[in-house]
$ cat run23.txt   # compact mmCIF, C-alpha atoms
# COMPACT_ATOMS: atom_id res chain seq x y z
CA MET J 312 231.04 77.10 208.57
CA HIS J 313 234.26 78.98 208.87
CA PRO J 314 235.51 79.75 212.39
CA ASN J 315 235.43 83.47 211.63
CA GLU J 316 231.74 83.23 210.77
CA LEU J 317 231.08 81.49 214.03
CA ARG J 318 233.06 84.09 215.92
CA GLU J 319 231.09 86.86 214.27
CA LEU J 320 227.81 85.16 215.11
CA VAL J 321 228.86 84.89 218.74
CA ASP J 322 229.99 88.49 218.90
CA ARG J 323 226.83 89.86 217.39
CA HIS J 324 224.09 87.61 218.68
CA ALA J 325 225.25 85.61 221.70
CA ALA J 326 224.20 88.19 224.27
CA ALA J 327 220.78 88.72 222.71
CA LEU J 328 220.30 84.99 222.35
CA GLU J 329 221.10 84.50 226.02
CA LEU J 330 218.64 87.23 226.91
CA TYR J 331 216.06 85.52 224.75
CA ALA J 332 216.69 82.15 226.42
CA ALA J 333 216.70 83.68 229.87
CA GLN J 334 212.93 84.04 229.63
CA TRP J 335 212.54 80.33 230.16
CA THR J 336 215.65 79.00 231.79
CA SER J 337 218.23 80.01 234.33
CA ALA J 338 221.06 78.56 232.20
CA PRO J 339 220.66 80.42 228.92
CA GLU J 340 224.31 80.14 227.96
CA ASP J 341 223.99 76.36 227.77
CA CYS J 342 221.11 76.66 225.35
CA VAL J 343 223.02 79.10 223.16
CA GLN J 344 226.11 76.94 223.15
CA ASP J 345 224.13 73.86 222.18
CA ALA J 346 222.41 75.78 219.42
CA LEU J 347 225.71 77.01 218.00
CA VAL J 348 227.21 73.52 218.06
CA GLN J 349 224.10 72.20 216.38
CA LEU J 350 224.48 74.86 213.73
CA ILE J 351 228.02 73.63 213.08
CA ARG J 352 226.73 70.08 212.70
CA GLN J 353 224.32 71.06 209.98
CA ARG J 354 225.45 69.70 206.64
CA HIS J 355 223.53 72.44 204.87
CA GLN J 356 223.54 75.82 206.48
CA PRO J 357 220.05 77.28 206.99
CA ASP J 358 219.07 80.19 204.85
CA ASP J 359 218.59 82.48 207.82
CA CYS J 360 221.13 81.49 210.44
CA VAL J 361 220.01 84.08 212.97
CA ALA J 362 216.36 83.14 212.86
CA TRP J 363 217.34 79.49 212.94
CA LEU J 364 219.44 80.10 216.04
CA TYR J 365 216.61 81.91 217.79
CA ARG J 366 214.27 79.06 217.03
CA VAL J 367 216.67 76.41 218.28
CA VAL J 368 217.47 78.39 221.41
CA ARG J 369 213.79 78.87 222.08
CA ASN J 370 213.03 75.18 221.72
CA ARG J 371 215.94 74.18 223.91
CA ALA J 372 215.13 76.69 226.59
CA ILE J 373 211.49 75.60 226.73
CA SER J 374 212.49 71.95 226.82
CA LEU J 375 214.93 72.65 229.62
CA ALA J 376 212.29 74.54 231.55
CA ARG J 377 209.88 71.66 231.15
CA ALA J 378 212.51 69.19 232.26
CA ASN J 379 213.13 71.23 235.38
CA GLN J 380 209.40 71.50 236.05
CA ARG J 381 209.59 75.22 236.33
CA ARG J 382 207.07 76.08 233.72
CA ARG J 383 204.22 76.65 236.18
CA ASN J 384 206.08 79.27 238.15
CA ARG J 385 208.12 80.49 235.25
CA GLU J 386 207.75 84.19 235.85
CA ALA J 387 208.43 83.96 239.58
CA THR J 388 211.37 81.66 239.10
CA VAL J 389 212.97 83.76 236.42
CA ALA J 390 212.48 86.93 238.40
CA ARG J 391 214.01 85.34 241.48
CA GLU J 392 216.97 83.70 239.80
CA THR J 393 217.79 86.43 237.35
CA SER J 394 219.45 89.39 238.86
CA CYS J 395 219.46 91.63 235.83
CA TRP J 396 219.18 91.01 232.15
CA PHE J 397 220.82 94.23 231.04
CA GLU J 398 224.04 96.06 231.54
CA ALA J 399 223.75 99.14 233.68
CA SER J 400 224.76 102.01 231.44
CA PRO J 401 224.98 105.60 232.63
CA GLY J 402 223.45 106.99 229.44
CA ALA J 403 220.26 104.95 229.69
CA ARG J 404 217.21 106.69 231.01
CA LEU J 405 215.61 103.48 232.20
CA ASP J 406 216.79 101.46 235.11
CA ALA J 407 218.07 98.05 234.03
CA LYS J 408 216.64 96.20 237.02
CA GLU J 409 213.32 97.92 236.65
CA VAL J 410 213.08 96.93 233.02
CA THR J 411 214.05 93.38 233.91
CA ALA J 412 211.36 93.15 236.53
CA ALA J 413 208.76 94.64 234.19
CA LEU J 414 209.70 92.29 231.40
CA SER J 415 209.43 89.28 233.69
CA LYS J 416 205.91 90.30 234.65
CA ILE J 417 204.34 90.79 231.25
CA ASP J 418 202.84 87.99 229.21
CA GLY J 419 205.43 85.62 227.85
CA ARG J 420 204.04 85.82 224.33
CA TYR J 421 204.67 89.57 224.34
CA ARG J 422 208.00 89.34 226.05
CA GLU J 423 209.64 86.98 223.58
CA VAL J 424 208.55 89.16 220.67
CA ILE J 425 209.85 92.31 222.34
CA VAL J 426 213.20 90.71 223.18
CA ALA J 427 213.62 89.26 219.71
CA ARG J 428 212.69 92.54 218.06
CA LEU J 429 214.39 95.10 220.29
CA TRP J 430 217.62 93.36 221.31
CA GLY J 431 217.81 90.54 218.78
CA GLY J 432 217.17 92.80 215.81
CA LEU J 433 214.83 90.33 214.11
CA THR J 434 212.21 91.51 211.68
CA TYR J 435 208.55 90.75 212.20
CA GLU J 436 208.78 88.18 209.49
CA GLN J 437 211.68 86.41 211.21
CA ILE J 438 209.87 86.57 214.53
CA GLY J 439 206.84 85.05 212.89
CA ARG J 440 208.95 82.14 211.66
CA VAL J 441 210.60 81.64 215.02
CA VAL J 442 207.40 81.74 217.05
CA LYS J 443 205.34 80.18 214.26
CA ILE J 444 202.89 83.00 213.93
CA SER J 445 202.07 85.35 211.12
CA THR J 446 203.98 88.55 210.55
CA ALA J 447 200.94 90.61 211.45
CA SER J 448 200.52 88.68 214.67
CA ALA J 449 204.16 89.33 215.53
CA TYR J 450 203.66 93.04 214.98
CA ARG J 451 200.46 93.08 217.02
CA ARG J 452 202.10 91.23 219.90
CA TYR J 453 205.00 93.66 219.81
CA VAL J 454 202.82 96.71 220.07
CA GLU J 455 200.60 95.24 222.73
CA GLY J 456 203.65 94.06 224.66
CA LEU J 457 205.21 97.49 224.62
CA ALA J 458 201.98 98.96 225.94
CA GLU J 459 201.82 96.38 228.70
CA LEU J 460 205.47 96.94 229.55
CA ARG J 461 204.86 100.65 229.78
CA ASP J 462 202.03 100.01 232.19
CA GLN J 463 204.19 97.68 234.26
CA MET J 464 206.94 100.29 234.50
CA GLY J 465 204.46 102.96 235.49
CA ILE J 466 205.28 105.20 232.58
CA PRO J 467 202.29 107.39 231.79
CA CYS J 468 200.89 107.23 228.34
CA PRO J 469 201.61 110.45 226.44
CA ASN J 470 198.08 110.65 225.13
CA HIS J 471 196.62 110.27 228.60
CA THR J 472 198.91 112.85 230.10
CA LYS J 473 198.12 115.26 227.36
CA SER J 474 194.42 114.74 227.36
CA PRO J 475 193.78 116.28 230.81
CA ALA J 476 195.88 119.26 229.86
CA ASN J 477 193.96 119.62 226.68
CA MET E 474 213.79 95.83 203.48
CA SER E 475 211.43 98.37 204.90
CA GLU E 476 208.53 97.03 206.89
CA PRO E 477 205.08 98.45 206.45
CA TYR E 478 204.38 98.23 210.15
CA GLU E 479 204.69 101.46 212.13
CA ILE E 480 204.85 101.81 215.87
CA PRO E 481 202.26 104.13 217.38
CA GLY E 482 203.70 107.47 218.33
CA GLN E 483 203.15 107.09 222.05
CA LEU E 484 205.33 103.95 222.09
CA ASN E 485 208.21 105.32 220.03
CA GLU E 486 209.92 106.96 222.95
CA LEU E 487 209.63 103.87 225.12
CA GLU E 488 210.99 101.74 222.29
CA ARG E 489 213.98 104.03 221.90
CA GLN E 490 214.73 104.01 225.59
CA LEU E 491 214.49 100.24 225.79
CA ALA E 492 216.73 99.82 222.76
CA ALA E 493 219.33 101.95 224.50
CA LEU E 494 219.75 99.18 227.06
CA SER E 495 222.31 96.59 226.11
CA PRO E 496 221.87 92.97 227.13
CA ARG E 497 224.10 91.55 229.78
CA ALA E 498 227.45 90.35 228.45
CA SER E 499 227.46 86.84 227.20
CA ARG E 500 228.61 84.21 229.65
CA LEU E 501 229.48 81.75 226.93
CA ASN E 502 232.76 79.97 227.39
CA ARG E 503 234.30 80.72 224.04
CA ASP E 504 237.14 78.26 224.37
CA GLN E 505 234.75 75.45 225.15
CA LEU E 506 232.46 76.56 222.34
CA MET E 507 235.29 76.60 219.81
CA TYR E 508 236.45 73.19 220.96
CA LEU E 509 232.96 71.73 220.60
CA ALA E 510 232.51 73.43 217.25
CA GLY E 511 235.78 71.99 215.97
CA ARG E 512 234.85 68.57 217.21
CA ALA E 513 231.46 68.80 215.55
CA ALA E 514 233.06 69.90 212.30
CA ALA E 515 235.54 67.01 212.46
CA GLU E 516 232.73 64.56 213.06
CA ASN E 517 230.94 65.96 210.06
CA ASP E 518 234.05 65.45 207.95
CA LEU E 519 234.42 61.87 209.16
CA GLY E 520 230.81 61.14 208.36
CA THR E 521 229.90 60.20 211.90
CA GLY E 522 226.52 61.21 213.13
CA GLY E 523 224.83 60.52 209.83
CA VAL E 524 224.03 57.39 207.91
CA ALA E 525 227.67 56.34 207.99
CA ALA E 526 227.53 56.19 211.76
CA TRP E 527 225.26 53.16 211.49
CA VAL E 528 227.45 51.18 209.14
CA TRP E 529 229.85 49.70 211.66
CA PRO E 530 227.27 49.03 214.39
CA SER E 531 225.02 47.37 211.84
CA ALA E 532 227.85 45.25 210.46
CA THR E 533 228.84 44.21 213.96
CA GLY E 534 225.27 43.28 214.79
CA VAL E 535 224.86 41.21 211.67
CA MET E 536 228.13 39.38 212.24
CA THR E 537 227.17 38.65 215.84
CA ALA E 538 223.81 37.27 214.75
CA VAL E 539 225.47 35.07 212.14
CA SER E 540 227.99 33.79 214.69
CA VAL E 541 225.25 32.91 217.16
CA LEU E 542 223.28 31.17 214.42
CA LEU E 543 226.26 29.11 213.33
CA ALA E 544 227.06 28.18 216.92
CA MET E 545 223.48 27.03 217.46
CA MET E 546 223.59 24.98 214.27
CA LEU E 547 226.82 23.37 215.41
CA VAL E 548 225.45 22.47 218.84
CA LEU E 549 222.14 21.21 217.53
CA GLY E 550 223.86 19.24 214.80
CA ASN E 551 226.03 17.41 217.34
CA ARG E 552 223.02 16.62 219.47
CA SER E 553 221.11 15.21 216.55
CA GLY E 554 224.07 13.02 215.67
CA VAL E 555 224.12 11.46 219.13
CA ALA E 556 220.40 10.86 218.96
CA MET E 557 220.78 9.00 215.69
CA ARG E 558 223.35 6.67 217.17
CA ASP E 559 221.08 5.92 220.11
CA MET E 560 217.98 5.22 218.05
CA PRO E 561 215.86 2.64 219.85
CA GLU E 562 215.19 0.53 216.77
CA ARG E 563 218.89 -0.14 216.61
CA GLY E 564 219.05 -1.06 220.30
CA ALA E 565 219.10 -4.26 222.22
CA GLN E 566 216.35 -5.87 220.21
CA THR E 567 218.61 -6.35 217.23
CA VAL E 568 221.86 -6.85 219.02
CA ARG E 569 221.92 -10.54 218.48
CA ASP E 570 220.87 -10.29 214.85
CA SER E 571 223.36 -7.56 214.19
CA SER E 572 226.11 -9.52 215.80
CA ALA E 573 225.32 -12.48 213.63
CA ALA E 574 225.09 -10.29 210.59
CA SER E 575 228.45 -8.77 211.36
CA GLN E 576 229.94 -12.22 211.56
CA ASP E 577 228.45 -13.07 208.20
CA ASN E 578 229.75 -9.87 206.70
CA ALA E 579 233.18 -10.46 208.06
CA ILE E 580 233.23 -13.98 206.71
CA ALA E 581 231.96 -12.83 203.38
CA LYS E 582 234.61 -10.17 203.18
CA VAL E 583 237.34 -12.59 204.16
CA ASN E 584 236.25 -14.93 201.46
CA SER E 585 235.76 -12.29 198.85
CA PRO E 586 239.43 -11.66 197.89
CA ARG E 587 240.14 -15.23 197.07
CA GLN E 588 236.80 -16.22 195.57
CA SER E 589 237.52 -14.76 192.21
CA PRO E 590 240.98 -13.49 191.34
CA ILE E 591 239.69 -12.24 188.02
CA GLU E 592 237.21 -10.01 189.76
CA SER E 593 239.86 -8.72 192.08
CA THR E 594 242.07 -7.76 189.19
CA ALA E 595 239.22 -6.20 187.30
CA GLU E 596 238.14 -4.28 190.30
CA PRO E 597 241.12 -3.36 192.40
CA PRO E 598 240.57 -3.45 196.11
CA ALA E 599 239.82 -0.19 197.75
CA PRO E 600 242.78 1.33 199.54
CA PRO E 601 242.72 1.38 203.29
CA VAL E 602 240.28 3.84 204.66
CA ALA E 603 242.87 5.36 206.95
CA ASP E 604 244.81 6.55 203.93
CA ASP E 605 241.78 8.39 202.63
CA LEU E 606 241.21 10.29 205.78
CA PRO E 607 242.94 13.50 206.65
CA ASP E 608 245.05 13.53 209.75
CA SER E 609 242.76 16.04 211.38
CA THR E 610 239.92 13.58 211.26
CA LEU E 611 242.01 10.96 213.00
CA ALA E 612 243.37 13.42 215.52
CA ARG E 613 239.97 14.45 216.76
CA GLY E 614 238.88 10.89 217.30
CA GLY E 615 236.75 10.36 214.32
CA TYR E 616 236.30 6.68 215.02
CA LEU E 617 232.60 7.20 215.69
CA ALA E 618 232.03 8.37 212.17
CA PHE E 619 234.79 6.18 210.72
CA PRO E 620 234.99 3.17 212.98
CA SER E 621 237.71 1.43 211.03
CA VAL E 622 240.41 4.03 211.36
CA ARG E 623 241.01 3.75 215.10
CA ALA E 624 244.13 1.78 215.74
CA SER E 625 244.24 1.81 219.51
CA GLU E 626 242.78 -0.77 221.76
CA ALA E 627 240.18 1.63 223.06
CA GLY E 628 239.10 2.28 219.51
CA TYR E 629 238.73 -1.39 218.87
CA ILE E 630 236.66 -1.86 222.02
CA HIS E 631 234.49 1.04 221.11
CA LEU E 632 234.13 -0.28 217.62
CA ARG E 633 233.05 -3.62 218.97
CA ASN E 634 230.53 -1.97 221.29
CA VAL E 635 229.09 0.04 218.48
CA ALA E 636 228.79 -3.06 216.35
CA LEU E 637 227.09 -4.99 219.15
CA ARG E 638 224.71 -2.25 220.03
CA MET E 639 223.71 -0.94 216.64
CA GLY E 640 224.91 -3.45 214.18
CA THR E 641 227.21 -3.11 211.27
CA GLU E 642 224.56 -1.53 209.13
CA ALA E 643 224.77 1.67 211.07
CA MET E 644 228.54 1.55 210.85
CA GLY E 645 228.33 0.97 207.19
CA GLN E 646 225.93 3.85 206.65
CA THR E 647 228.08 6.33 208.42
CA HIS E 648 231.24 4.85 207.10
CA ARG E 649 230.24 4.66 203.49
CA ALA E 650 227.60 7.27 203.24
CA SER E 651 228.84 8.22 199.81
CA GLY E 652 227.82 4.87 198.42
CA GLY E 653 231.26 3.29 198.25
CA PRO E 654 232.01 -0.35 198.80
CA GLN E 655 231.83 -1.89 202.25
CA PRO E 656 235.14 -2.08 204.10
CA THR E 657 236.87 -5.38 203.69
CA TYR E 658 238.66 -7.40 206.23
CA TRP E 659 241.95 -6.12 204.88
CA GLU E 660 240.87 -2.56 205.33
CA LEU E 661 239.68 -3.14 208.86
CA THR E 662 242.79 -4.93 209.99
CA SER E 663 245.13 -2.47 208.35
CA ALA E 664 243.22 0.35 209.95
CA LEU E 665 243.65 -1.28 213.32
CA GLY E 666 247.36 -1.16 212.82
CA GLU E 667 247.85 -4.85 212.57
CA GLU E 668 249.29 -6.87 209.82
CA PRO E 669 246.56 -8.62 207.94
CA VAL E 670 246.46 -12.26 208.56
CA GLU E 671 246.94 -14.27 205.52
CA VAL E 672 243.99 -16.52 205.36
CA GLN E 673 244.88 -19.78 203.78
CA PRO E 674 242.26 -22.38 204.42
CA GLN E 675 243.68 -25.84 204.39
CA THR E 676 240.73 -27.29 202.68
CA GLU E 677 238.66 -25.92 199.94
CA PRO E 678 235.38 -24.87 201.45
CA ALA E 679 232.35 -26.64 200.35
CA GLU E 680 230.03 -24.71 198.15
CA GLY E 681 227.10 -23.09 199.89
CA ASP E 682 228.85 -23.35 203.27
CA PRO E 683 228.90 -19.83 204.68
CA GLN E 684 230.87 -20.85 207.77
CA SER E 685 233.86 -22.06 205.84
CA GLY E 686 236.11 -19.04 206.55
CA VAL E 687 235.45 -18.72 210.24
CA GLU E 688 237.94 -21.33 211.32
CA SER E 689 240.87 -19.53 209.79
CA LEU E 690 240.13 -16.26 211.50
CA PRO E 691 241.95 -15.43 214.70
CA ALA E 692 239.88 -15.29 217.79
CA GLY E 693 237.92 -12.10 218.15
CA GLU E 694 238.53 -10.84 214.62
CA ALA E 695 235.27 -12.16 213.31
CA HIS E 696 233.35 -9.58 215.25
CA THR E 697 234.87 -6.77 213.34

$ encode --input "run23.txt" --output "structure tokens"
Amino acid sequence: MHPNELRELVDRHAAALELYAAQWTSAPEDCVQDALVQLIRQRHQPDDCVAWLYRVVRNRAISLARANQRRRNREATVARETSCWFEASPGARLDAKEVTAALSKIDGRYREVIVARLWGGLTYEQIGRVVKISTASAYRRYVEGLAELRDQMGIPCPNHTKSPAN
Amino acid sequence: MSEPYEIPGQLNELERQLAALSPRASRLNRDQLMYLAGRAAAENDLGTGGVAAWVWPSATGVMTAVSVLLAMMLVLGNRSGVAMRDMPERGAQTVRDSSAASQDNAIAKVNSPRQSPIESTAEPPAPPVADDLPDSTLARGGYLAFPSVRASEAGYIHLRNVALRMGTEAMGQTHRASGGPQPTYWELTSALGEEPVEVQPQTEPAEGDPQSGVESLPAGEAHT
């Protein structure tokens, strides 16, 4: 792999990969760095480098979490150790810390699909390969996760708010 | 590629608002990452980390195993050699017989050069054993395996002890394992670094008298 390709991968996907790994471990940058170095070591580059990176980062983060024996209290630990997963931007209508807290509370199966889809830019098919589920299951988890996240953030459902008015 | 999956309308707004958030900036150490990436690429070019990485360790292991095996064979071989020299059947029980036999052999070999000059010309005497041996054999004290090549007094004493304890047969087996002729008196004396004594019996020995040559031998030489 050419150094420019690696630099481009880091520029485009490092932050999202760290966010993805932060679901399981408090040292996501180590997982991403190891995954990138492992990608360099590959004699044959994978067909889908981005999906491959997400899968490697996921495996490393889970292994690290298991090694640290934090898997039982994963949500509480991540919420306590992670200050904020997002940059505070003035144009955003949602509060970054609030979204972080809501994400840390929802089911992990939903969360990883939402992170990979929204901020990683993966397709449902790629998510299915990373998580080892079908494409339809990835889509279903995404929709259900968004609904659960909305409930966690206390955002009223448009249909419910409209129904009393109707 | 367009995906056939559509997000329900009530979640579109939430999805858009979430997508507007940007993840926290990466905390990757780029310099360290580039260094590790370059190192990994160099290792790939050198072939380390793959099958080639096992070539040198495997070769080293095999050579170590062979060295240990050869060392064990060397040690065990030396031990077995000592055991053969100390075999009980060649011990004190046959000391007297062996000593007598060695005397007979010595006498026979003393008599052999002058018994038949024709035979001696037809079959030239074997050169001294010491000339056949390489210097390294002499330097490392090979008198146990080649008892006739030790010229010092200690070698002679040891040779005599070996002859008394085990007999000349054992000496002959180790000395002439290749099936060559038995060492003659001339060979033994020349190997001891002494001038061979010219044996000139004053009287012609009587036929069938095996003790005829003993009188002409110097004292102590008959044992060799």

$ atom_distance --input "run23.txt" --atom1 "CA of Leu433 in chain J" --atom2 "CA of Ala498 in chain E"
19.1 Å

$ residues_around --input "run23.txt" --residues "Leu509 in chain E" --least-positions-apart "3" --cutoff "10 Å" --atoms "only C-alpha atoms" --output "PyMOL selection string"
(chain J and resi 344-345+347-349+351) or (chain E and resi 503-506+512-515)

$ closest_atom_pairs --input "run23.txt" --of "chain J" --to "chain E" --cutoff "9 Å" --atoms "all atoms listed in the file" --output "JSON lines"
{"residue": "J:Met312", "atom": "CA", "partner": "E:Ala514", "partner_atom": "CA", "distance": 8.4}
{"residue": "J:Pro314", "atom": "CA", "partner": "E:Met507", "partner_atom": "CA", "distance": 8.1}
{"residue": "J:Leu317", "atom": "CA", "partner": "E:Met507", "partner_atom": "CA", "distance": 8.7}
{"residue": "J:Arg318", "atom": "CA", "partner": "E:Met507", "partner_atom": "CA", "distance": 8.7}
{"residue": "J:Val321", "atom": "CA", "partner": "E:Arg503", "partner_atom": "CA", "distance": 8.7}
{"residue": "J:Asp322", "atom": "CA", "partner": "E:Ser499", "partner_atom": "CA", "distance": 8.8}
{"residue": "J:Ala325", "atom": "CA", "partner": "E:Ser499", "partner_atom": "CA", "distance": 6.1}
{"residue": "J:Ala326", "atom": "CA", "partner": "E:Ser499", "partner_atom": "CA", "distance": 4.6}
{"residue": "J:Ala327", "atom": "CA", "partner": "E:Pro496", "partner_atom": "CA", "distance": 6.2}
{"residue": "J:Leu328", "atom": "CA", "partner": "E:Ser499", "partner_atom": "CA", "distance": 8.8}
{"residue": "J:Glu329", "atom": "CA", "partner": "E:Ser499", "partner_atom": "CA", "distance": 6.9}
{"residue": "J:Leu330", "atom": "CA", "partner": "E:Pro496", "partner_atom": "CA", "distance": 6.6}
{"residue": "J:Pro339", "atom": "CA", "partner": "E:Arg500", "partner_atom": "CA", "distance": 8.8}
{"residue": "J:Glu340", "atom": "CA", "partner": "E:Leu501", "partner_atom": "CA", "distance": 5.5}
{"residue": "J:Asp341", "atom": "CA", "partner": "E:Leu501", "partner_atom": "CA", "distance": 7.7}
{"residue": "J:Val343", "atom": "CA", "partner": "E:Leu501", "partner_atom": "CA", "distance": 7.9}
{"residue": "J:Gln344", "atom": "CA", "partner": "E:Leu506", "partner_atom": "CA", "distance": 6.4}
{"residue": "J:Asp345", "atom": "CA", "partner": "E:Leu506", "partner_atom": "CA", "distance": 8.8}
{"residue": "J:Leu347", "atom": "CA", "partner": "E:Ala510", "partner_atom": "CA", "distance": 7.7}
{"residue": "J:Val348", "atom": "CA", "partner": "E:Ala510", "partner_atom": "CA", "distance": 5.4}
{"residue": "J:Gln349", "atom": "CA", "partner": "E:Ala513", "partner_atom": "CA", "distance": 8.1}
{"residue": "J:Leu350", "atom": "CA", "partner": "E:Ala510", "partner_atom": "CA", "distance": 8.9}
{"residue": "J:Ile351", "atom": "CA", "partner": "E:Ala510", "partner_atom": "CA", "distance": 6.1}
{"residue": "J:Arg352", "atom": "CA", "partner": "E:Ala513", "partner_atom": "CA", "distance": 5.7}
{"residue": "J:Gln353", "atom": "CA", "partner": "E:Asn517", "partner_atom": "CA", "distance": 8.4}
{"residue": "J:Arg354", "atom": "CA", "partner": "E:Asn517", "partner_atom": "CA", "distance": 7.5}
{"residue": "J:Cys395", "atom": "CA", "partner": "E:Arg497", "partner_atom": "CA", "distance": 7.6}
{"residue": "J:Trp396", "atom": "CA", "partner": "E:Arg497", "partner_atom": "CA", "distance": 5.5}
{"residue": "J:Phe397", "atom": "CA", "partner": "E:Pro496", "partner_atom": "CA", "distance": 4.2}
{"residue": "J:Glu398", "atom": "CA", "partner": "E:Arg497", "partner_atom": "CA", "distance": 4.8}
{"residue": "J:Ala399", "atom": "CA", "partner": "E:Leu494", "partner_atom": "CA", "distance": 7.7}
{"residue": "J:Ser400", "atom": "CA", "partner": "E:Leu494", "partner_atom": "CA", "distance": 7.2}
{"residue": "J:Gly402", "atom": "CA", "partner": "E:Ala493", "partner_atom": "CA", "distance": 8.2}
{"residue": "J:Ala403", "atom": "CA", "partner": "E:Ala493", "partner_atom": "CA", "distance": 6.1}
{"residue": "J:Arg404", "atom": "CA", "partner": "E:Gln490", "partner_atom": "CA", "distance": 6.5}
{"residue": "J:Leu405", "atom": "CA", "partner": "E:Gln490", "partner_atom": "CA", "distance": 6.7}
{"residue": "J:Asp406", "atom": "CA", "partner": "E:Leu494", "partner_atom": "CA", "distance": 8.9}
{"residue": "J:Ala407", "atom": "CA", "partner": "E:Leu494", "partner_atom": "CA", "distance": 7.3}
{"residue": "J:Val410", "atom": "CA", "partner": "E:Leu491", "partner_atom": "CA", "distance": 8.1}
{"residue": "J:Leu429", "atom": "CA", "partner": "E:Ala492", "partner_atom": "CA", "distance": 5.8}
{"residue": "J:Trp430", "atom": "CA", "partner": "E:Ala492", "partner_atom": "CA", "distance": 6.7}
{"residue": "J:Thr434", "atom": "CA", "partner": "E:Glu476", "partner_atom": "CA", "distance": 8.2}
{"residue": "J:Tyr435", "atom": "CA", "partner": "E:Glu476", "partner_atom": "CA", "distance": 8.2}
{"residue": "J:Ala447", "atom": "CA", "partner": "E:Tyr478", "partner_atom": "CA", "distance": 8.5}
{"residue": "J:Tyr450", "atom": "CA", "partner": "E:Tyr478", "partner_atom": "CA", "distance": 7.1}
{"residue": "J:Val454", "atom": "CA", "partner": "E:Ile480", "partner_atom": "CA", "distance": 6.9}
{"residue": "J:Leu457", "atom": "CA", "partner": "E:Leu484", "partner_atom": "CA", "distance": 6.9}
{"residue": "J:Ala458", "atom": "CA", "partner": "E:Leu484", "partner_atom": "CA", "distance": 7.1}
{"residue": "J:Arg461", "atom": "CA", "partner": "E:Leu487", "partner_atom": "CA", "distance": 7.4}
{"residue": "J:Ile466", "atom": "CA", "partner": "E:Leu487", "partner_atom": "CA", "distance": 8.7}
{"residue": "J:Cys468", "atom": "CA", "partner": "E:Gln483", "partner_atom": "CA", "distance": 6.7}
{"residue": "J:Pro469", "atom": "CA", "partner": "E:Gln483", "partner_atom": "CA", "distance": 5.7}
{"residue": "J:Asn470", "atom": "CA", "partner": "E:Gln483", "partner_atom": "CA", "distance": 6.9}

$ write_last_selection --input "run23.txt" --atoms "C-alpha atoms" --output "short mmCIF file (atom, residue, chain, number, x, y, z; two decimals), in the frame of the given file"
data_model
loop_
_atom_site.label_atom_id
_atom_site.label_comp_id
_atom_site.auth_asym_id
_atom_site.auth_seq_id
_atom_site.Cartn_x
_atom_site.Cartn_y
_atom_site.Cartn_z
CA MET J 312 231.04 77.10 208.57
CA PRO J 314 235.51 79.75 212.39
CA LEU J 317 231.08 81.49 214.03
CA ARG J 318 233.06 84.09 215.92
CA VAL J 321 228.86 84.89 218.74
CA ASP J 322 229.99 88.49 218.90
CA ALA J 325 225.25 85.61 221.70
CA ALA J 326 224.20 88.19 224.27
CA ALA J 327 220.78 88.72 222.71
CA LEU J 328 220.30 84.99 222.35
CA GLU J 329 221.10 84.50 226.02
CA LEU J 330 218.64 87.23 226.91
CA PRO J 339 220.66 80.42 228.92
CA GLU J 340 224.31 80.14 227.96
CA ASP J 341 223.99 76.36 227.77
CA VAL J 343 223.02 79.10 223.16
CA GLN J 344 226.11 76.94 223.15
CA ASP J 345 224.13 73.86 222.18
CA LEU J 347 225.71 77.01 218.00
CA VAL J 348 227.21 73.52 218.06
CA GLN J 349 224.10 72.20 216.38
CA LEU J 350 224.48 74.86 213.73
CA ILE J 351 228.02 73.63 213.08
CA ARG J 352 226.73 70.08 212.70
CA GLN J 353 224.32 71.06 209.98
CA ARG J 354 225.45 69.70 206.64
CA CYS J 395 219.46 91.63 235.83
CA TRP J 396 219.18 91.01 232.15
CA PHE J 397 220.82 94.23 231.04
CA GLU J 398 224.04 96.06 231.54
CA ALA J 399 223.75 99.14 233.68
CA SER J 400 224.76 102.01 231.44
CA GLY J 402 223.45 106.99 229.44
CA ALA J 403 220.26 104.95 229.69
CA ARG J 404 217.21 106.69 231.01
CA LEU J 405 215.61 103.48 232.20
CA ASP J 406 216.79 101.46 235.11
CA ALA J 407 218.07 98.05 234.03
CA VAL J 410 213.08 96.93 233.02
CA LEU J 429 214.39 95.10 220.29
CA TRP J 430 217.62 93.36 221.31
CA THR J 434 212.21 91.51 211.68
CA TYR J 435 208.55 90.75 212.20
CA ALA J 447 200.94 90.61 211.45
CA TYR J 450 203.66 93.04 214.98
CA VAL J 454 202.82 96.71 220.07
CA LEU J 457 205.21 97.49 224.62
CA ALA J 458 201.98 98.96 225.94
CA ARG J 461 204.86 100.65 229.78
CA ILE J 466 205.28 105.20 232.58
CA CYS J 468 200.89 107.23 228.34
CA PRO J 469 201.61 110.45 226.44
CA ASN J 470 198.08 110.65 225.13
#

$ atom_distance --input "run23.txt" --atom1 "CA of Gly419 in chain J" --atom2 "CA of Gln334 in chain J"
7.9 Å

$ atom_distance --input "run23.txt" --atom1 "CA of Asn370 in chain J" --atom2 "CA of Asn315 in chain J"
25.9 Å

$ residues_near_point --input "run23.txt" --point "(202.5, 100.1, 237.5)" --cutoff "12 Å" --atoms "all atoms listed in the file" --output "JSON, numbers by chain"
{"J": [409, 410, 412, 413, 416, 417, 458, 459, 460, 461, 462, 463, 464, 465, 466, 467, 468]}
